[in-house]
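The structure file upload.cif is reproduced below (mmCIF, C-alpha atoms and all ligand atoms).
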```cif
data_target
loop_
_atom_site.label_atom_id
_atom_site.label_comp_id
_atom_site.auth_asym_id
_atom_site.auth_seq_id
_atom_site.Cartn_x
_atom_site.Cartn_y
_atom_site.Cartn_z
CA MET A 1 33.51 -3.65 8.65
CA ASP A 2 31.80 -4.57 5.43
CA ILE A 3 30.99 -1.13 4.02
CA SER A 4 29.37 -2.61 0.92
CA ARG A 5 26.33 -3.71 2.97
CA LEU A 6 25.56 0.02 3.36
CA ILE A 7 25.51 0.64 -0.37
CA ARG A 8 22.27 0.71 -2.33
CA LYS A 9 21.70 -2.38 -4.48
CA GLU A 10 21.47 -0.36 -7.73
CA ILE A 11 24.95 1.07 -7.07
CA LEU A 12 26.54 -2.22 -6.00
CA THR A 13 25.49 -3.91 -9.22
CA GLN A 14 26.93 -1.16 -11.45
CA LYS A 15 30.45 -0.64 -12.74
CA ALA A 16 32.11 2.78 -12.53
CA TYR A 17 32.20 4.55 -15.91
CA ALA A 18 35.80 3.96 -16.90
CA VAL A 19 37.70 6.40 -19.07
CA GLU A 20 40.80 4.35 -19.80
CA GLU A 21 44.22 5.97 -19.70
CA LEU A 22 45.68 5.05 -23.05
CA SER A 23 48.57 6.33 -25.07
CA TYR A 24 47.58 7.83 -28.45
CA SER A 25 48.36 10.80 -30.64
CA ILE A 26 45.07 10.99 -32.56
CA LYS A 27 41.92 11.01 -30.44
CA LEU A 28 38.78 10.08 -32.36
CA ASP A 29 36.74 8.35 -29.67
CA ALA A 30 34.68 10.99 -27.84
CA MET A 31 33.02 13.25 -30.43
CA GLU A 32 35.14 16.25 -29.54
CA THR A 33 35.87 18.94 -32.13
CA PRO A 34 39.42 18.72 -33.48
CA TYR A 35 39.80 22.51 -33.70
CA VAL A 36 41.04 24.91 -31.06
CA LEU A 37 40.30 28.64 -30.97
CA PRO A 38 42.31 30.92 -33.27
CA GLU A 39 45.32 32.54 -31.53
CA ASP A 40 43.86 36.08 -31.46
CA MET A 41 40.65 34.79 -29.86
CA ARG A 42 42.66 32.98 -27.22
CA GLY A 43 44.47 36.21 -26.33
CA PHE A 44 41.15 38.03 -26.09
CA LEU A 45 39.74 35.26 -23.92
CA MET A 46 42.74 35.35 -21.58
CA GLU A 47 42.06 39.04 -20.98
CA LYS A 48 38.47 38.23 -20.00
CA LEU A 49 39.55 35.36 -17.74
CA ARG A 50 41.94 37.70 -15.88
CA ASN A 51 38.95 39.64 -14.62
CA VAL A 52 37.08 36.68 -13.15
CA GLU A 53 36.96 37.10 -9.36
CA LEU A 54 38.33 33.75 -8.26
CA ASN A 55 37.85 34.61 -4.56
CA ARG A 56 34.06 34.82 -5.00
CA TYR A 57 31.48 32.09 -5.50
CA PRO A 58 30.06 31.95 -9.00
CA GLU A 59 26.65 33.44 -9.84
CA ALA A 60 24.19 30.90 -8.40
CA GLY A 61 21.99 29.46 -11.13
CA SER A 62 24.00 31.21 -13.91
CA PRO A 63 21.46 34.06 -14.40
CA THR A 64 23.59 36.14 -16.80
CA LEU A 65 24.33 33.15 -19.00
CA ARG A 66 20.70 32.01 -18.86
CA ALA A 67 19.47 35.42 -19.93
CA ARG A 68 21.89 35.38 -22.88
CA MET A 69 20.82 31.86 -23.87
CA ALA A 70 17.16 32.83 -23.51
CA ALA A 71 17.62 35.64 -26.04
CA HIS A 72 19.67 33.36 -28.28
CA LEU A 73 17.07 30.58 -28.38
CA ASP A 74 13.98 32.74 -27.93
CA VAL A 75 12.94 30.72 -24.88
CA PRO A 76 12.11 32.45 -21.55
CA ALA A 77 14.99 32.33 -19.06
CA GLU A 78 12.69 30.66 -16.47
CA GLN A 79 12.46 27.70 -18.80
CA ILE A 80 16.25 27.16 -18.95
CA ILE A 81 18.69 25.44 -16.57
CA VAL A 82 22.45 25.38 -17.08
CA GLY A 83 24.15 22.12 -16.14
CA ASN A 84 27.69 20.84 -15.63
CA GLY A 85 27.43 19.20 -19.04
CA SER A 86 24.20 17.55 -20.14
CA ASP A 87 25.18 14.65 -17.91
CA GLU A 88 24.34 16.74 -14.86
CA LEU A 89 21.01 17.75 -16.39
CA ILE A 90 20.15 14.09 -17.01
CA GLN A 91 21.01 13.46 -13.38
CA MET A 92 18.73 16.34 -12.23
CA LEU A 93 15.89 14.86 -14.29
CA CYS A 94 16.38 11.37 -12.87
CA THR A 95 16.77 12.62 -9.29
CA THR A 96 13.57 14.64 -9.58
CA LEU A 97 11.40 12.12 -11.40
CA SER A 98 12.58 8.68 -10.33
CA GLY A 99 11.38 6.64 -7.41
CA PRO A 100 11.14 2.97 -6.41
CA SER A 101 8.45 2.06 -8.93
CA ALA A 102 9.47 4.54 -11.66
CA THR A 103 10.61 3.36 -15.06
CA ALA A 104 12.72 5.06 -17.71
CA LEU A 105 12.42 4.14 -21.37
CA VAL A 106 15.53 4.17 -23.55
CA PRO A 107 16.09 2.86 -27.06
CA PHE A 108 19.00 0.50 -27.63
CA PRO A 109 21.67 1.31 -28.63
CA THR A 110 21.91 4.86 -27.41
CA PHE A 111 23.98 7.13 -25.17
CA VAL A 112 24.90 4.98 -22.18
CA MET A 113 24.52 7.65 -19.50
CA TYR A 114 20.71 7.64 -19.69
CA ARG A 115 20.68 4.08 -18.44
CA ILE A 116 23.49 4.48 -15.91
CA ILE A 117 22.06 7.64 -14.31
CA ALA A 118 18.49 6.34 -14.27
CA LEU A 119 19.65 3.13 -12.54
CA ASN A 120 21.73 5.12 -10.04
CA CYS A 121 18.62 7.10 -9.15
CA GLY A 122 16.60 3.95 -8.50
CA CYS A 123 14.64 3.80 -11.78
CA GLN A 124 13.91 0.58 -13.60
CA VAL A 125 15.20 0.89 -17.15
CA ILE A 126 13.31 -0.54 -20.10
CA ASP A 127 15.40 -0.83 -23.27
CA VAL A 128 13.64 -1.08 -26.60
CA PRO A 129 15.92 -2.16 -29.47
CA LEU A 130 15.94 0.09 -32.53
CA ASP A 131 14.58 -1.42 -35.73
CA ASP A 132 16.92 -2.74 -38.42
CA ARG A 133 17.22 0.74 -39.95
CA PHE A 134 18.32 2.14 -36.57
CA ASP A 135 15.04 4.00 -36.25
CA LEU A 136 12.60 3.86 -33.31
CA ASP A 137 10.43 0.77 -33.02
CA LEU A 138 7.33 2.90 -32.55
CA GLU A 139 4.90 0.06 -31.97
CA THR A 140 6.94 -1.45 -29.13
CA MET A 141 7.71 1.93 -27.59
CA LEU A 142 4.05 2.93 -27.57
CA ALA A 143 3.18 -0.43 -26.02
CA VAL A 144 5.72 0.16 -23.22
CA ILE A 145 4.41 3.70 -22.71
CA GLY A 146 0.87 2.34 -22.44
CA LYS A 147 1.80 -0.47 -20.06
CA ASP A 148 4.65 0.86 -17.89
CA ASN A 149 3.99 4.60 -18.04
CA PRO A 150 7.69 5.64 -17.94
CA VAL A 151 8.43 8.84 -16.04
CA LEU A 152 11.25 9.54 -18.47
CA THR A 153 11.91 8.63 -22.10
CA PHE A 154 15.31 9.54 -23.50
CA LEU A 155 15.78 10.13 -27.23
CA SER A 156 19.16 11.21 -28.56
CA TYR A 157 18.53 13.21 -31.74
CA PRO A 158 20.80 12.49 -33.68
CA ASN A 159 21.42 9.21 -31.87
CA ASN A 160 24.75 8.17 -30.39
CA PRO A 161 26.31 5.76 -31.45
CA THR A 162 24.48 5.29 -34.77
CA GLY A 163 24.71 8.95 -35.86
CA LYS A 164 21.22 8.92 -37.36
CA CYS A 165 18.22 11.01 -36.45
CA PHE A 166 15.03 9.15 -35.69
CA ASP A 167 11.98 9.80 -37.80
CA ALA A 168 10.60 13.11 -36.47
CA GLY A 169 7.00 11.94 -36.85
CA LYS A 170 7.69 8.93 -34.60
CA VAL A 171 9.33 11.17 -32.01
CA GLU A 172 6.25 13.39 -31.90
CA GLU A 173 3.98 10.34 -31.55
CA ILE A 174 6.01 9.34 -28.49
CA ILE A 175 5.76 12.83 -26.97
CA LYS A 176 2.00 12.82 -27.54
CA ALA A 177 1.46 9.35 -26.10
CA SER A 178 3.64 9.85 -22.99
CA GLN A 179 2.29 10.78 -19.60
CA GLY A 180 5.91 11.16 -18.49
CA VAL A 181 8.68 13.52 -19.61
CA VAL A 182 10.24 12.97 -23.04
CA VAL A 183 13.83 14.20 -23.29
CA ILE A 184 15.11 15.06 -26.75
CA ASP A 185 18.87 15.24 -26.40
CA GLU A 186 20.17 17.51 -29.16
CA ALA A 187 23.86 17.16 -28.27
CA TYR A 188 24.71 16.87 -31.99
CA PHE A 189 22.53 19.77 -33.11
CA PRO A 190 25.55 21.69 -34.53
CA PHE A 191 25.99 18.95 -37.13
CA TYR A 192 22.35 18.49 -38.06
CA GLY A 193 20.56 21.76 -37.43
CA LYS A 194 17.00 20.51 -36.99
CA THR A 195 15.39 20.87 -33.58
CA PHE A 196 12.29 20.13 -31.54
CA LEU A 197 12.71 23.39 -29.61
CA PRO A 198 9.64 25.14 -31.14
CA MET A 199 7.50 22.25 -29.83
CA LEU A 200 8.18 23.32 -26.23
CA LYS A 201 5.23 25.69 -26.59
CA LYS A 202 3.00 22.79 -27.58
CA TYR A 203 4.04 20.01 -25.17
CA ASP A 204 4.53 20.52 -21.42
CA ASN A 205 6.19 17.12 -21.07
CA LEU A 206 8.94 17.89 -23.59
CA VAL A 207 12.51 18.63 -22.52
CA ILE A 208 15.32 19.64 -24.87
CA LEU A 209 18.99 19.22 -24.02
CA ARG A 210 21.89 20.98 -25.70
CA THR A 211 25.60 20.99 -24.88
CA LEU A 212 28.70 23.00 -25.74
CA SER A 213 30.82 19.83 -25.52
CA LYS A 214 30.57 18.72 -29.13
CA LEU A 215 31.07 22.08 -30.78
CA GLY A 216 34.50 22.85 -29.38
CA LEU A 217 34.15 23.46 -25.63
CA ALA A 218 34.13 20.00 -24.03
CA ALA A 219 36.54 21.16 -21.32
CA ILE A 220 34.21 23.74 -19.78
CA ARG A 221 31.34 21.28 -19.09
CA VAL A 222 28.30 23.38 -19.95
CA GLY A 223 24.94 22.03 -21.07
CA PHE A 224 21.47 23.55 -21.27
CA LEU A 225 18.04 22.13 -20.46
CA MET A 226 14.88 23.73 -21.81
CA GLY A 227 11.50 22.63 -20.46
CA SER A 228 8.19 23.82 -19.05
CA ARG A 229 8.24 26.46 -16.30
CA THR A 230 6.78 24.02 -13.78
CA LEU A 231 9.28 21.26 -14.47
CA VAL A 232 12.24 23.67 -14.52
CA GLY A 233 11.05 25.10 -11.19
CA GLU A 234 11.11 21.62 -9.66
CA LEU A 235 14.46 20.70 -11.22
CA ASN A 236 15.96 23.83 -9.70
CA LYS A 237 15.26 22.37 -6.25
CA VAL A 238 17.72 19.53 -6.90
CA ARG A 239 20.31 21.68 -8.71
CA LEU A 240 23.32 22.43 -6.52
CA PRO A 241 23.52 26.21 -5.95
CA TYR A 242 26.91 26.80 -7.59
CA ASN A 243 26.87 24.02 -10.15
CA ILE A 244 28.60 26.03 -12.89
CA ASN A 245 31.92 27.60 -11.96
CA SER A 246 32.66 31.23 -12.87
CA LEU A 247 35.23 30.36 -15.53
CA SER A 248 32.75 28.12 -17.35
CA GLN A 249 29.97 30.70 -17.11
CA MET A 250 32.31 33.28 -18.58
CA MET A 251 33.46 30.92 -21.35
CA ALA A 252 29.89 30.01 -22.27
CA THR A 253 29.01 33.71 -22.61
CA PHE A 254 32.13 34.11 -24.73
CA TYR A 255 30.80 31.31 -26.94
CA LEU A 256 27.52 33.19 -27.43
CA ASP A 257 29.44 36.36 -28.33
CA ASN A 258 31.50 34.50 -30.92
CA GLU A 259 29.18 31.80 -32.15
CA GLN A 260 30.17 32.16 -35.80
CA ILE A 261 33.71 30.88 -35.15
CA PHE A 262 32.29 27.71 -33.63
CA LYS A 263 29.69 27.36 -36.37
CA ASP A 264 32.41 27.54 -39.02
CA GLN A 265 34.33 24.78 -37.25
CA SER A 266 31.23 22.56 -37.07
CA ASP A 267 30.56 23.19 -40.77
CA ARG A 268 34.07 22.03 -41.61
CA VAL A 269 33.51 18.88 -39.56
CA ARG A 270 30.21 18.32 -41.36
CA ALA A 271 31.86 18.56 -44.79
CA ASP A 272 34.73 16.28 -43.71
CA ARG A 273 32.20 13.77 -42.38
CA GLU A 274 30.89 13.29 -45.92
CA LEU A 275 34.41 12.76 -47.29
CA LEU A 276 35.20 10.29 -44.53
CA PHE A 277 31.95 8.44 -45.19
CA SER A 278 32.63 7.99 -48.89
CA ARG A 279 36.21 6.83 -48.28
CA LEU A 280 35.06 4.30 -45.65
CA ALA A 281 32.24 3.10 -47.90
CA GLY A 282 34.86 2.32 -50.56
CA MET A 283 36.85 0.04 -48.24
CA LYS A 284 36.52 -3.72 -48.38
CA GLY A 285 34.64 -5.19 -45.43
CA ILE A 286 33.68 -1.82 -43.90
CA ARG A 287 30.01 -0.78 -43.86
CA PRO A 288 29.57 2.79 -42.65
CA MET A 289 26.20 4.42 -41.98
CA LYS A 290 25.22 7.87 -43.15
CA SER A 291 25.49 10.23 -40.20
CA ASP A 292 23.79 13.42 -38.99
CA ALA A 293 26.40 13.94 -36.27
CA ASN A 294 30.18 14.48 -35.99
CA PHE A 295 31.01 10.78 -36.00
CA LEU A 296 30.48 7.74 -38.17
CA PHE A 297 29.23 4.34 -37.11
CA PHE A 298 30.42 1.32 -39.07
CA CYS A 299 30.31 -2.45 -38.85
CA CYS A 300 33.19 -4.56 -40.16
CA ASP A 301 33.70 -8.00 -41.63
CA PHE A 302 36.72 -8.27 -39.30
CA ASP A 303 37.17 -8.67 -35.57
CA SER A 304 36.73 -5.09 -34.32
CA TYR A 305 39.03 -5.77 -31.33
CA ARG A 306 41.85 -6.42 -33.76
CA ILE A 307 41.13 -3.23 -35.69
CA TYR A 308 40.96 -1.29 -32.43
CA GLU A 309 44.32 -2.66 -31.26
CA PHE A 310 45.93 -2.17 -34.67
CA LEU A 311 44.85 1.48 -34.76
CA LEU A 312 45.89 2.07 -31.15
CA ASP A 313 49.33 0.57 -31.80
CA GLN A 314 49.74 3.33 -34.35
CA GLY A 315 48.48 6.00 -31.99
CA ILE A 316 44.86 6.25 -33.14
CA LEU A 317 42.02 5.91 -30.63
CA ILE A 318 38.47 5.19 -31.80
CA LYS A 319 35.51 3.54 -30.04
CA ASN A 320 35.09 -0.22 -30.26
CA LEU A 321 31.50 -1.51 -30.00
CA PRO A 322 32.12 -5.25 -30.42
CA VAL A 323 28.66 -6.43 -29.37
CA LEU A 324 25.54 -4.30 -29.80
CA GLY A 325 22.44 -6.46 -29.52
CA ASN A 326 22.43 -8.57 -32.68
CA LEU A 327 25.25 -6.57 -34.24
CA ARG A 328 28.86 -7.64 -34.07
CA ASN A 329 32.14 -5.86 -34.78
CA CYS A 330 30.88 -2.29 -34.90
CA MET A 331 32.95 0.82 -34.31
CA ARG A 332 32.45 4.55 -33.98
CA VAL A 333 34.93 7.11 -35.21
CA THR A 334 34.77 10.84 -34.51
CA VAL A 335 35.42 13.11 -37.47
CA GLY A 336 38.83 14.67 -36.88
CA ASN A 337 40.71 17.29 -38.85
CA PRO A 338 41.65 16.32 -42.44
CA GLU A 339 45.14 15.06 -41.46
CA GLU A 340 43.74 12.94 -38.62
CA ASN A 341 41.04 11.47 -40.86
CA GLU A 342 43.61 10.70 -43.53
CA GLU A 343 45.90 8.95 -41.04
CA PHE A 344 42.97 6.94 -39.66
CA LEU A 345 41.98 5.83 -43.17
CA ARG A 346 45.58 4.96 -44.07
CA VAL A 347 46.05 2.73 -41.01
CA LEU A 348 42.63 1.10 -41.43
CA GLN A 349 43.47 0.35 -45.07
CA GLU A 350 46.80 -1.12 -43.95
CA PHE A 351 44.89 -3.42 -41.59
CA ILE A 352 42.55 -4.55 -44.36
CA VAL A 353 45.41 -5.24 -46.77
CA LYS A 354 47.12 -7.35 -44.08
CA GLN A 355 43.99 -9.54 -43.89
CA GLY A 356 44.62 -10.51 -47.53
CA VAL A 357 41.09 -9.74 -48.71
C1 LIG B 401 23.73 12.02 -26.87
C2 LIG B 401 24.68 12.62 -25.91
N1 LIG B 401 24.22 13.43 -24.95
C3 LIG B 401 25.06 13.99 -24.06
C4 LIG B 401 26.42 13.73 -24.09
C5 LIG B 401 27.30 14.32 -23.05
O1 LIG B 401 27.24 15.68 -23.06
P1 LIG B 401 27.98 16.56 -21.97
O2 LIG B 401 29.42 16.58 -22.34
O3 LIG B 401 27.33 17.89 -22.12
O4 LIG B 401 27.74 15.96 -20.61
C6 LIG B 401 26.94 12.88 -25.06
C7 LIG B 401 28.37 12.58 -25.09
O5 LIG B 401 28.89 11.77 -25.76
C8 LIG B 401 26.05 12.31 -25.98
O6 LIG B 401 26.47 11.48 -26.94
#
```

Here is the file; what I need is its structure written in the form of structure tokens.
Ligand SMILES: Cc1ncc(COP(=O)(O)O)c(C=O)c1O
Amino acid sequence: MDISRLIRKEILTQKAYAVEELSYSIKLDAMETPYVLPEDMRGFLMEKLRNVELNRYPEAGSPTLRARMAAHLDVPAEQIIVGNGSDELIQMLCTTLSGPSATALVPFPTFVMYRIIALNCGCQVIDVPLDDRFDLDLETMLAVIGKDNPVLTFLSYPNNPTGKCFDAGKVEEIIKASQGVVVIDEAYFPFYGKTFLPMLKKYDNLVILRTLSKLGLAAIRVGFLMGSRTLVGELNKVRLPYNINSLSQMMATFYLDNEQIFKDQSDRVRADRELLFSRLAGMKGIRPMKSDANFLFFCCDFDSYRIYEFLLDQGILIKNLPVLGNLRNCMRVTVGNPEENEEFLRVLQEFIVKQGV
């Protein structure tokens, strides 16, 4: 039997998101934090984990965690949903808002999951290339909004993979002009600190996403969505009842109790980002961009595949972005700890010297 004839066209034409199994000792590809919790905190956490009732279902809808986050952000709990990472929240948005004739607007390049999830949910995706300063092409985006009336517009702020924040004035223009929902994904908020959250009171069609993944807790898969009461009410209809397991709910509350530890780690990453930037900027044939996030985007005068392989041969994994629209040979490196950054720079320099430039 040909099972594939049963599969929806949008799914058949996609490729599964592949996370390759590679051998490396320094992982700088996925914007994780290089730091683990201090030993005494881990002991304290283990004590808390012991008391989690593993025989019971988790709290449905994470009410305790939501109440804590509501107080933390000064947003009513009814306007917050907790997701299994922001990925799940993006999926809830697309499931709720998409339909056969619905379109989603995404800049290019940006975080790939917006496009993948929107397509999976049956949306048409309209990509608008960023301008040559990696900012939003406002004119084209407003034209698309006027003509195609997208149900969803996704803006990563700061943007992945470029690391830059879009002009805040342009973002607000887009929110104002849209009849659909505009999602401001603040995954990299810990490394930038500016937010559109206060604008929730002003715009009903605004949604803010945050995640614990980039600030040191990628393993627990917890993200937060903040939006209008009405939208959050509808999104809750598509949320699976027990979407956040008890261990993750407990860990996320632990994060809120101990936020300063995580903030200190993000501040270290932020300072090291500047050092890494200036060292990369001093290298022949490497053109890094200033970043507002915990990674740096750079284009090279060399074949980026060769750099990627050279680094991997020496145990260092970064992200290769060989073709990005008109750009060629770009790469993205996550800021690691000082030793990891140093090793990355040493091996990259070795590659450059070998080219004889
Ligand atoms: C802009 C952006 N949003 C969301 C995510 C994923 O977040 P989560 O781990 O919470 O699913 C990423 C991960 O790289 C990202 O770059």

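Remark: for Pro38 of chain A, the closest of the candidate residues A:Asp148, A:Glu20, A:Asp264, A:Asp2 is A:Asp264 (distances computed over only C-alpha atoms).
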
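The spacing separating atom C1 of ligand LIG 401 (chain B) from atom CA of Gly216 of chain A amounts to 15.5 Å.
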
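The coordinates place atom CA of Glu234 of chain A at 14.6 Å from atom CA of Gly180 of chain A.
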
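With the cut-off set to 7 Å and all atoms listed in the file counted, the residues surrounding ligand LIG 401 (chain B) are A:Ala30, A:Met31, A:Asn84, A:Gly85, A:Ser86, A:Asp87, A:Glu88, A:Phe111, A:Ser156, A:Asn159, A:Asn160, A:Asp185, A:Glu186, A:Ala187, A:Thr211, A:Leu212, A:Ser213, A:Ala218, A:Arg221, A:Val222, A:Gly223.
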
The selected residues should be written to file as an mmCIF file, in the frame of the given file (atoms: C-alpha atoms).
```cif
data_model
loop_
_atom_site.group_PDB
_atom_site.id
_atom_site.type_symbol
_atom_site.label_atom_id
_atom_site.label_comp_id
_atom_site.auth_asym_id
_atom_site.auth_seq_id
_atom_site.Cartn_x
_atom_site.Cartn_y
_atom_site.Cartn_z
ATOM 1 C CA ALA A 30 34.680 10.990 -27.840
ATOM 2 C CA MET A 31 33.020 13.250 -30.430
ATOM 3 C CA ASN A 84 27.690 20.840 -15.630
ATOM 4 C CA GLY A 85 27.430 19.200 -19.040
ATOM 5 C CA SER A 86 24.200 17.550 -20.140
ATOM 6 C CA ASP A 87 25.180 14.650 -17.910
ATOM 7 C CA GLU A 88 24.340 16.740 -14.860
ATOM 8 C CA PHE A 111 23.980 7.130 -25.170
ATOM 9 C CA SER A 156 19.160 11.210 -28.560
ATOM 10 C CA ASN A 159 21.420 9.210 -31.870
ATOM 11 C CA ASN A 160 24.750 8.170 -30.390
ATOM 12 C CA ASP A 185 18.870 15.240 -26.400
ATOM 13 C CA GLU A 186 20.170 17.510 -29.160
ATOM 14 C CA ALA A 187 23.860 17.160 -28.270
ATOM 15 C CA THR A 211 25.600 20.990 -24.880
ATOM 16 C CA LEU A 212 28.700 23.000 -25.740
ATOM 17 C CA SER A 213 30.820 19.830 -25.520
ATOM 18 C CA ALA A 218 34.130 20.000 -24.030
ATOM 19 C CA ARG A 221 31.340 21.280 -19.090
ATOM 20 C CA VAL A 222 28.300 23.380 -19.950
ATOM 21 C CA GLY A 223 24.940 22.030 -21.070
#
```

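Residues with any atom within 12 Å of Leu22 of chain A, counting all atoms listed in the file and excluding same-chain neighbours fewer than 3 positions away, are Ala18, Val19, Ser25, Ile26, Lys27, Asp29, Glu309, Leu312, Asp313, Gly315, Ile316, Leu317 and Ile318 of chain A.
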
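Coordinates place atom CA of Gln249 of chain A at a distance of 22.5 Å from atom CA of Leu197 of chain A.
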
Lys319 of chain A: which residues within 10 Å, counting only C-alpha atoms, same-chain residues fewer than 5 positions away excluded, as a compact mmCIF listing (two decimals) with C-alpha atoms, in the frame of the given file?
```
# COMPACT_ATOMS: atom_id res chain seq x y z
CA LYS A 27 41.92 11.01 -30.44
CA LEU A 28 38.78 10.08 -32.36
CA ASP A 29 36.74 8.35 -29.67
CA ALA A 30 34.68 10.99 -27.84
CA PRO A 161 26.31 5.76 -31.45
CA PHE A 297 29.23 4.34 -37.11
CA SER A 304 36.73 -5.09 -34.32
CA TYR A 308 40.96 -1.29 -32.43
CA CYS A 330 30.88 -2.29 -34.90
CA MET A 331 32.95 0.82 -34.31
CA ARG A 332 32.45 4.55 -33.98
CA VAL A 333 34.93 7.11 -35.21
CA THR A 334 34.77 10.84 -34.51
```

Distance table requested - segment 152-238 of chain A against segment 46-67 of chain A, cut-off 12 Å, only C-alpha atoms: one row per qualifying residue with the closest atom pair and its distance in Å to one decimal, ordered by chain and rising residue number, as CSV.
```
residue,atom,partner,partner_atom,distance
A:Val222,CA,A:Leu65,CA,10.6
A:Gly223,CA,A:Arg66,CA,11.1
A:Phe224,CA,A:Arg66,CA,8.8
A:Leu225,CA,A:Arg66,CA,10.4
A:Met226,CA,A:Arg66,CA,10.5
A:Val232,CA,A:Gly61,CA,11.8
A:Gly233,CA,A:Gly61,CA,11.8
A:Leu235,CA,A:Gly61,CA,11.6
A:Asn236,CA,A:Gly61,CA,8.4
A:Lys237,CA,A:Gly61,CA,10.9
A:Val238,CA,A:Gly61,CA,11.6
```

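Using all atoms listed in the file, the shortest contact distance between Arg328 of chain A and any of A:Phe298, A:Phe351, A:Phe310, A:Phe262 is found at A:Phe298.
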
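Minimum distance to Phe189 of chain A across A:Asn294, A:Thr110, A:Thr162, A:Thr253 (counting all atoms listed in the file) occurs at A:Asn294.
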
Judged by only C-alpha atoms, the minimum distance to Pro100 of chain A among A:Val323, A:Ala16, A:Leu215, A:Ala118 is found for A:Ala118

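Shortest separation to Glu78 of chain A among A:Val335, A:Leu231, A:Ile307, A:Ala177 occurs at residue A:Leu231, atoms counted being all atoms listed in the file.
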
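Among A:Ser278, A:Leu327, A:Met251, A:Gly83, the residue with the shortest atom-to-atom distance to Arg42 of chain A, counting all atoms listed in the file, is A:Met251.
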
Spatial neighbours of Leu256 of chain A, 8 Å, all atoms listed in the file, chain gap at least 2 places, as a short mmCIF file (atom, residue, chain, number, x, y, z; two decimals) with C-alpha atoms, in the coordinates of the input:
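Full text of around-v6.cif as output:
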```
data_model
loop_
_atom_site.label_atom_id
_atom_site.label_comp_id
_atom_site.auth_asym_id
_atom_site.auth_seq_id
_atom_site.Cartn_x
_atom_site.Cartn_y
_atom_site.Cartn_z
CA ARG A 68 21.89 35.38 -22.88
CA MET A 69 20.82 31.86 -23.87
CA HIS A 72 19.67 33.36 -28.28
CA ALA A 252 29.89 30.01 -22.27
CA THR A 253 29.01 33.71 -22.61
CA PHE A 254 32.13 34.11 -24.73
CA ASN A 258 31.50 34.50 -30.92
CA GLU A 259 29.18 31.80 -32.15
#
```
